[in-house]
>>> print(open('input_20.cif').read())   # mmCIF, C-alpha atoms
data_entry
loop_
_atom_site.label_atom_id
_atom_site.label_comp_id
_atom_site.auth_asym_id
_atom_site.auth_seq_id
_atom_site.Cartn_x
_atom_site.Cartn_y
_atom_site.Cartn_z
CA TYR A 1 -23.58 -69.33 32.85
CA GLU A 2 -22.24 -72.83 32.30
CA ALA A 3 -19.84 -71.61 29.61
CA LEU A 4 -18.44 -68.92 31.90
CA ARG A 5 -18.08 -71.44 34.72
CA ASP A 6 -16.30 -73.81 32.36
CA PHE A 7 -13.74 -71.08 31.67
CA GLY A 8 -13.14 -70.79 35.42
CA LEU A 9 -15.13 -67.68 36.27
CA GLY A 10 -16.87 -67.55 39.63
CA THR A 11 -14.63 -70.16 41.23
CA GLN A 12 -11.19 -70.25 42.79
CA THR A 13 -8.35 -71.54 40.61
CA GLY A 14 -6.90 -73.59 43.47
CA ILE A 15 -3.45 -72.01 43.58
CA PRO A 16 -1.63 -72.61 46.91
CA LEU A 17 -1.91 -69.02 48.09
CA PRO A 18 -4.19 -67.73 50.85
CA ALA A 19 -7.27 -65.55 50.41
CA GLU A 20 -7.87 -66.19 46.72
CA SER A 21 -11.10 -64.56 45.56
CA GLU A 22 -13.61 -66.51 43.51
CA GLY A 23 -14.82 -63.36 41.76
CA THR A 24 -18.47 -62.72 40.97
CA LEU A 25 -20.67 -64.84 38.73
CA ARG A 26 -24.26 -64.92 39.91
CA GLN A 27 -26.43 -67.96 39.33
CA PRO A 28 -29.11 -67.54 36.64
CA ASN A 29 -31.95 -67.46 39.19
CA LYS A 30 -30.44 -64.19 40.47
CA TRP A 31 -30.24 -62.51 37.07
CA ASN A 32 -32.55 -59.68 36.07
CA ARG A 33 -33.99 -58.78 32.67
CA THR A 34 -30.83 -56.97 31.53
CA SER A 35 -28.29 -59.46 32.88
CA GLY A 36 -27.83 -61.28 29.57
CA SER A 37 -26.90 -58.15 27.62
CA SER A 38 -24.90 -56.71 30.53
CA MET A 39 -22.79 -59.84 30.98
CA ALA A 40 -22.07 -59.97 27.25
CA MET A 41 -20.25 -56.66 27.75
CA GLY A 42 -18.49 -57.76 30.93
CA TYR A 43 -20.77 -56.12 33.48
CA GLU A 44 -22.36 -57.89 36.46
CA LEU A 45 -19.13 -59.92 36.56
CA ALA A 46 -15.92 -59.69 38.55
CA VAL A 47 -12.81 -61.72 37.76
CA THR A 48 -9.35 -61.89 39.24
CA PRO A 49 -6.34 -61.31 36.96
CA LEU A 50 -5.42 -64.98 37.33
CA GLN A 51 -8.91 -66.12 36.31
CA LEU A 52 -8.75 -63.90 33.25
CA VAL A 53 -5.32 -65.16 32.23
CA ALA A 54 -6.38 -68.78 32.78
CA ALA A 55 -9.45 -68.28 30.57
CA TYR A 56 -7.41 -66.78 27.74
CA SER A 57 -4.83 -69.54 28.17
CA ALA A 58 -7.59 -72.01 27.34
CA ILE A 59 -8.01 -70.24 24.00
CA ALA A 60 -4.24 -70.29 23.49
CA ASN A 61 -4.12 -74.02 24.28
CA GLY A 62 -6.69 -75.08 21.72
CA GLY A 63 -9.68 -74.98 24.08
CA GLU A 64 -8.25 -76.81 27.10
CA LEU A 65 -8.34 -75.10 30.50
CA LEU A 66 -5.15 -75.84 32.43
CA GLU A 67 -4.47 -75.73 36.14
CA PRO A 68 -2.45 -72.55 36.81
CA HIS A 69 0.84 -72.70 38.69
CA ILE A 70 2.59 -69.94 40.61
CA ILE A 71 5.90 -71.82 40.95
CA LYS A 72 7.50 -73.58 37.99
CA GLU A 73 10.17 -75.45 39.94
CA ILE A 74 12.06 -75.53 43.25
CA ARG A 75 15.74 -76.41 43.57
CA SER A 76 17.98 -76.93 46.58
CA ALA A 77 21.07 -74.82 47.27
CA ASP A 78 23.21 -77.29 45.34
CA GLY A 79 20.89 -77.29 42.34
CA GLU A 80 19.00 -80.51 43.00
CA LEU A 81 15.49 -80.46 41.57
CA LEU A 82 12.98 -80.76 44.41
CA TYR A 83 9.75 -79.89 42.61
CA ARG A 84 8.61 -79.16 39.07
CA SER A 85 5.09 -78.31 38.02
CA THR A 86 3.57 -80.30 35.19
CA PRO A 87 0.67 -79.27 32.93
CA ARG A 88 -2.68 -80.66 34.02
CA VAL A 89 -5.81 -80.25 31.94
CA ILE A 90 -8.86 -79.43 34.05
CA ARG A 91 -11.38 -79.76 31.22
CA ARG A 92 -12.02 -78.90 27.61
CA VAL A 93 -14.12 -75.75 27.35
CA VAL A 94 -14.34 -75.31 23.57
CA SER A 95 -13.34 -77.35 20.53
CA PRO A 96 -10.00 -76.72 18.80
CA SER A 97 -11.83 -75.20 15.83
CA VAL A 98 -13.67 -72.72 18.05
CA ALA A 99 -10.43 -71.82 19.86
CA SER A 100 -8.78 -71.26 16.48
CA ALA A 101 -11.62 -69.00 15.33
CA ILE A 102 -11.37 -66.94 18.51
CA GLN A 103 -7.60 -66.62 18.06
CA GLN A 104 -8.20 -65.15 14.62
CA MET A 105 -10.73 -62.71 16.09
CA LEU A 106 -8.15 -61.66 18.71
CA LEU A 107 -5.59 -61.15 15.96
CA GLY A 108 -8.03 -58.88 14.16
CA VAL A 109 -8.39 -56.73 17.30
CA VAL A 110 -4.66 -55.95 17.16
CA GLU A 111 -4.34 -55.77 13.39
CA SER A 112 -7.23 -53.43 12.70
CA GLY A 113 -9.43 -53.13 15.79
CA THR A 114 -9.33 -51.37 19.14
CA ALA A 115 -5.78 -52.43 20.12
CA THR A 116 -3.60 -51.51 17.15
CA ARG A 117 -1.18 -49.81 19.56
CA ALA A 118 -0.14 -53.26 20.80
CA ASP A 119 0.92 -54.37 17.32
CA LEU A 120 4.46 -55.76 17.03
CA ALA A 121 6.59 -55.30 13.94
CA THR A 122 8.01 -58.80 13.71
CA TYR A 123 5.43 -61.13 15.30
CA LEU A 124 1.68 -61.56 15.17
CA LEU A 125 -0.05 -60.66 18.41
CA GLY A 126 -3.65 -61.43 19.26
CA GLY A 127 -5.55 -59.86 22.12
CA LYS A 128 -8.52 -58.00 23.48
CA SER A 129 -8.80 -54.59 25.05
CA GLY A 130 -11.21 -53.86 27.88
CA THR A 131 -12.62 -50.70 29.43
CA ALA A 132 -14.92 -51.14 32.43
CA ARG A 133 -16.43 -48.78 34.95
CA ARG A 134 -15.28 -49.50 38.48
CA THR A 135 -17.56 -50.06 41.46
CA GLU A 136 -17.54 -48.83 45.04
CA GLN A 137 -19.07 -50.60 47.99
CA GLY A 138 -22.69 -49.56 48.34
CA LYS A 139 -22.58 -47.23 45.34
CA GLY A 140 -22.43 -49.56 42.35
CA TYR A 141 -20.72 -48.34 39.21
CA VAL A 142 -18.99 -45.00 39.64
CA LEU A 143 -19.01 -42.40 36.88
CA GLY A 144 -15.54 -41.43 35.66
CA ASN A 145 -13.67 -44.28 37.38
CA TYR A 146 -12.46 -47.07 35.07
CA THR A 147 -10.30 -50.14 34.74
CA ALA A 148 -8.39 -50.31 31.46
CA SER A 149 -7.02 -53.68 30.42
CA PHE A 150 -5.52 -55.66 27.59
CA VAL A 151 -4.89 -59.40 27.33
CA GLY A 152 -2.42 -60.52 24.67
CA LEU A 153 -1.58 -63.92 23.16
CA PHE A 154 2.01 -63.99 21.96
CA PRO A 155 2.73 -64.98 19.31
CA ALA A 156 -0.75 -65.29 17.86
CA ASP A 157 0.36 -68.15 15.60
CA LYS A 158 1.57 -70.47 18.39
CA PRO A 159 1.10 -68.72 21.75
CA GLN A 160 3.82 -69.02 24.37
CA TYR A 161 2.76 -66.09 26.55
CA VAL A 162 -0.55 -64.77 27.80
CA VAL A 163 0.08 -61.23 29.02
CA LEU A 164 -2.42 -59.21 31.04
CA VAL A 165 -2.00 -55.49 31.63
CA LYS A 166 -4.57 -54.00 34.00
CA LEU A 167 -4.64 -50.33 34.96
CA ASP A 168 -6.99 -49.25 37.74
CA SER A 169 -8.40 -45.70 37.90
CA PRO A 170 -6.19 -44.19 35.17
CA ARG A 171 -6.07 -40.44 34.76
CA HIS A 172 -6.97 -38.71 31.51
CA ASP A 173 -7.16 -41.49 28.86
CA TYR A 174 -8.87 -44.63 30.11
CA TYR A 175 -9.56 -46.89 27.12
CA GLY A 176 -7.76 -50.24 27.32
CA GLY A 177 -6.68 -50.13 23.69
CA GLU A 178 -5.12 -46.70 24.20
CA ILE A 179 -3.18 -47.15 27.44
CA ALA A 180 -2.97 -50.86 28.36
CA ALA A 181 -2.23 -52.24 24.89
CA PRO A 182 0.99 -50.19 24.45
CA VAL A 183 2.27 -51.44 27.81
CA THR A 184 1.85 -55.00 26.56
CA LYS A 185 4.05 -54.18 23.58
CA VAL A 186 6.75 -52.80 25.88
CA VAL A 187 6.60 -55.92 28.07
CA LEU A 188 6.90 -58.26 25.10
CA ARG A 189 9.77 -56.29 23.57
CA ALA A 190 11.61 -56.53 26.90
CA ALA A 191 11.00 -60.28 27.03
CA LEU A 192 12.30 -60.72 23.50
CA ALA A 193 15.44 -58.74 24.37
CA ALA A 194 16.09 -60.67 27.60
CA ARG A 195 18.38 -63.67 27.39
CA ASP A 196 16.71 -65.50 30.26
CA ALA A 197 13.08 -65.01 29.21
CA ALA A 198 11.06 -68.23 29.19
CA LEU A 199 10.67 -68.32 25.43
CA ASN A 200 11.19 -71.09 22.93
CA ARG A 201 13.42 -69.19 20.50
CA GLU A 202 13.45 -71.98 17.93
CA GLU A 203 9.65 -71.97 17.88
CA LEU A 204 9.59 -68.19 17.57
CA ALA A 205 11.85 -68.37 14.53
CA THR A 206 9.21 -70.43 12.72
CA VAL A 207 6.45 -67.87 13.28
CA GLU A 208 8.31 -64.59 12.75
CA ARG A 209 6.18 -62.73 10.30
CA VAL A 210 6.62 -60.47 7.35
CA ARG A 211 5.26 -57.03 8.17
CA GLY A 212 1.64 -56.74 7.09
CA GLY A 213 0.58 -60.23 8.16
CA ASN A 214 -3.06 -60.69 8.99
CA ALA A 215 -5.62 -63.26 10.04
CA ASP A 216 -5.03 -65.14 6.78
CA SER A 217 -1.39 -65.71 7.75
CA LEU A 218 -2.51 -67.05 11.13
CA ALA A 219 -4.90 -69.46 9.47
CA GLN A 220 -2.14 -70.62 7.13
CA SER A 221 0.23 -71.08 10.07
CA GLU A 222 -2.33 -73.13 11.97
CA SER A 223 -3.02 -75.24 8.89
CA ALA A 224 0.70 -75.98 8.57
CA ALA A 225 0.95 -76.76 12.29
CA ALA A 226 -1.92 -79.22 12.00
CA GLY A 227 0.10 -81.19 9.51
CA SER A 228 3.20 -81.28 11.72
CA SER A 229 3.92 -84.03 14.22
CA ASN A 230 6.03 -81.78 16.48
CA ALA A 231 4.09 -81.03 19.67
CA THR A 232 4.57 -77.67 21.34
CA GLU A 233 4.60 -77.00 25.06
CA PRO A 234 1.27 -75.58 26.28
CA VAL A 235 0.87 -72.10 27.67
CA ARG A 236 0.86 -72.42 31.47
#
>>> encode(input="input_20.cif", output="structure tokens")
Amino acid sequence: YEALRDFGLGTQTGIPLPAESEGTLRQPNKWNRTSGSSMAMGYELAVTPLQLVAAYSAIANGGELLEPHIIKEIRSADGELLYRSTPRVIRRVVSPSVASAIQQMLLGVVESGTATRADLATYLLGGKSGTARRTEQGKGYVLGNYTASFVGLFPADKPQYVVLVKLDSPRHDYYGGEIAAPVTKVVLRAALAARDAALNREELATVERVRGGNADSLAQSESAAAGSSNATEPVR
């Protein structure tokens, strides 16, 4: 429970928008005998897309949970900068070594796990697919109604993007790795092709991979990064 709370589940993120949901994370005194195993699979929980992205961003940022921002900056009509968001660490949720280990697990999901359809030809992508039964008020979980999702860290070596694709009540296929993961690949390809995408192209050039890279290449990249003094901008 404390670990999930540390990642931001069950509480509002604090973004300046009305009616933000805090999701569902029941206190341990309200758990039943199957809650532990159910929650390990994602049941008995409800998270907002922003909560999910913020939690994965903590993994991308070496274990530090950052305050999410909806607006990056505001400028006047003549271009004067009026406001710019700055990264603010809320707390450390896991150690850098644990975050690194999870990143390698997420890479394995795309390389040879349930989300191979998200795999990119030129960059390493880490991520996790999800397939959950949906609920209806007063009925609980409904048979045949699902939410398919995929969260991707791009690039897996030095993440700049956390991308969430969430498909509610899909028809026919409903596994996240089958239908949400390919959408992530399309989104990332579009971002790479766009001139104005918020990407550090110089940083990307240092992590472009040779086809057939795997978790070993990610570990080598992270080892090299640890020996470099050049700091990278955190995922926001």
>>> closest_residue(input="input_20.cif", among="A:Tyr123, A:Trp31, A:Tyr161, A:Phe7", to="Val94 in chain A", atoms="only C-alpha atoms")
A:Phe7
>>> atom_distance(input="input_20.cif", atom1="CA of Ser85 in chain A", atom2="CA of Gly126 in chain A")
26.7 Å
>>> resolve_selection(input="input_20.cif", expression="the PyMOL selection byres ((chain A and resi 118) around 7)", output="list in words")
Val110, Ala115, Thr116, Arg117, Asp119, Leu120, Ala181, Pro182, Thr184 and Lys185 of chain A
>>> closest_residue(input="input_20.cif", among="A:Tyr56, A:Arg88, A:Thr114, A:Gly138", to="Leu153 in chain A", atoms="only C-alpha atoms")
A:Tyr56
>>> atom_distance(input="input_20.cif", atom1="CA of Glu20 in chain A", atom2="CA of Leu65 in chain A")
18.5 Å
>>> resolve_selection(input="input_20.cif", expression="the PyMOL selection byres ((chain A and resi 195-205) around 9)", output="count of residues only")
14
>>> closest_residue(input="input_20.cif", among="A:Glu22, A:Thr86, A:Pro159, A:Ala180", to="Ile70 in chain A", atoms="only C-alpha atoms")
A:Thr86
>>> resolve_selection(input="input_20.cif", expression="the PyMOL selection byres ((chain A and resi 28) around 12)", output="ChimeraX atom specification")
/A:1-2,4-5,25-27,29-36,39,44
>>> residues_around(input="input_20.cif", residues="Gly14 in chain A", least_positions_apart="4", cutoff="12 Å", atoms="all atoms listed in the file", output="list in words")
Gly8, Pro18, Ala19, Glu20, Ser21, Glu22, Leu50, Gln51, Ala54, Leu66, Glu67, Pro68, His69, Ile70 and Ile90 of chain A
>>> closest_residue(input="input_20.cif", among="A:Ala58, A:Thr131, A:Gln104, A:Ala121", to="Arg91 in chain A", atoms="only C-alpha atoms")
A:Ala58
>>> atom_distance(input="input_20.cif", atom1="CA of Gly42 in chain A", atom2="CA of Asp168 in chain A")
15.8 Å
>>> residues_around(input="input_20.cif", residues="Arg133 in chain A", least_positions_apart="3", cutoff="12 Å", atoms="only C-alpha atoms", output="tab-separated table (two decimals) with C-alpha atoms, in the frame of the given file")
chain	number	residue	atom	x	y	z
A	41	MET	CA	-20.25	-56.66	27.75
A	42	GLY	CA	-18.49	-57.76	30.93
A	43	TYR	CA	-20.77	-56.12	33.48
A	44	GLU	CA	-22.36	-57.89	36.46
A	45	LEU	CA	-19.13	-59.92	36.56
A	46	ALA	CA	-15.92	-59.69	38.55
A	130	GLY	CA	-11.21	-53.86	27.88
A	136	GLU	CA	-17.54	-48.83	45.04
A	140	GLY	CA	-22.43	-49.56	42.35
A	141	TYR	CA	-20.72	-48.34	39.21
A	142	VAL	CA	-18.99	-45.00	39.64
A	143	LEU	CA	-19.01	-42.40	36.88
A	144	GLY	CA	-15.54	-41.43	35.66
A	145	ASN	CA	-13.67	-44.28	37.38
A	146	TYR	CA	-12.46	-47.07	35.07
A	147	THR	CA	-10.30	-50.14	34.74
A	148	ALA	CA	-8.39	-50.31	31.46
A	149	SER	CA	-7.02	-53.68	30.42
A	167	LEU	CA	-4.64	-50.33	34.96
A	168	ASP	CA	-6.99	-49.25	37.74
A	169	SER	CA	-8.40	-45.70	37.90
A	170	PRO	CA	-6.19	-44.19	35.17
A	174	TYR	CA	-8.87	-44.63	30.11
A	175	TYR	CA	-9.56	-46.89	27.12
A	176	GLY	CA	-7.76	-50.24	27.32
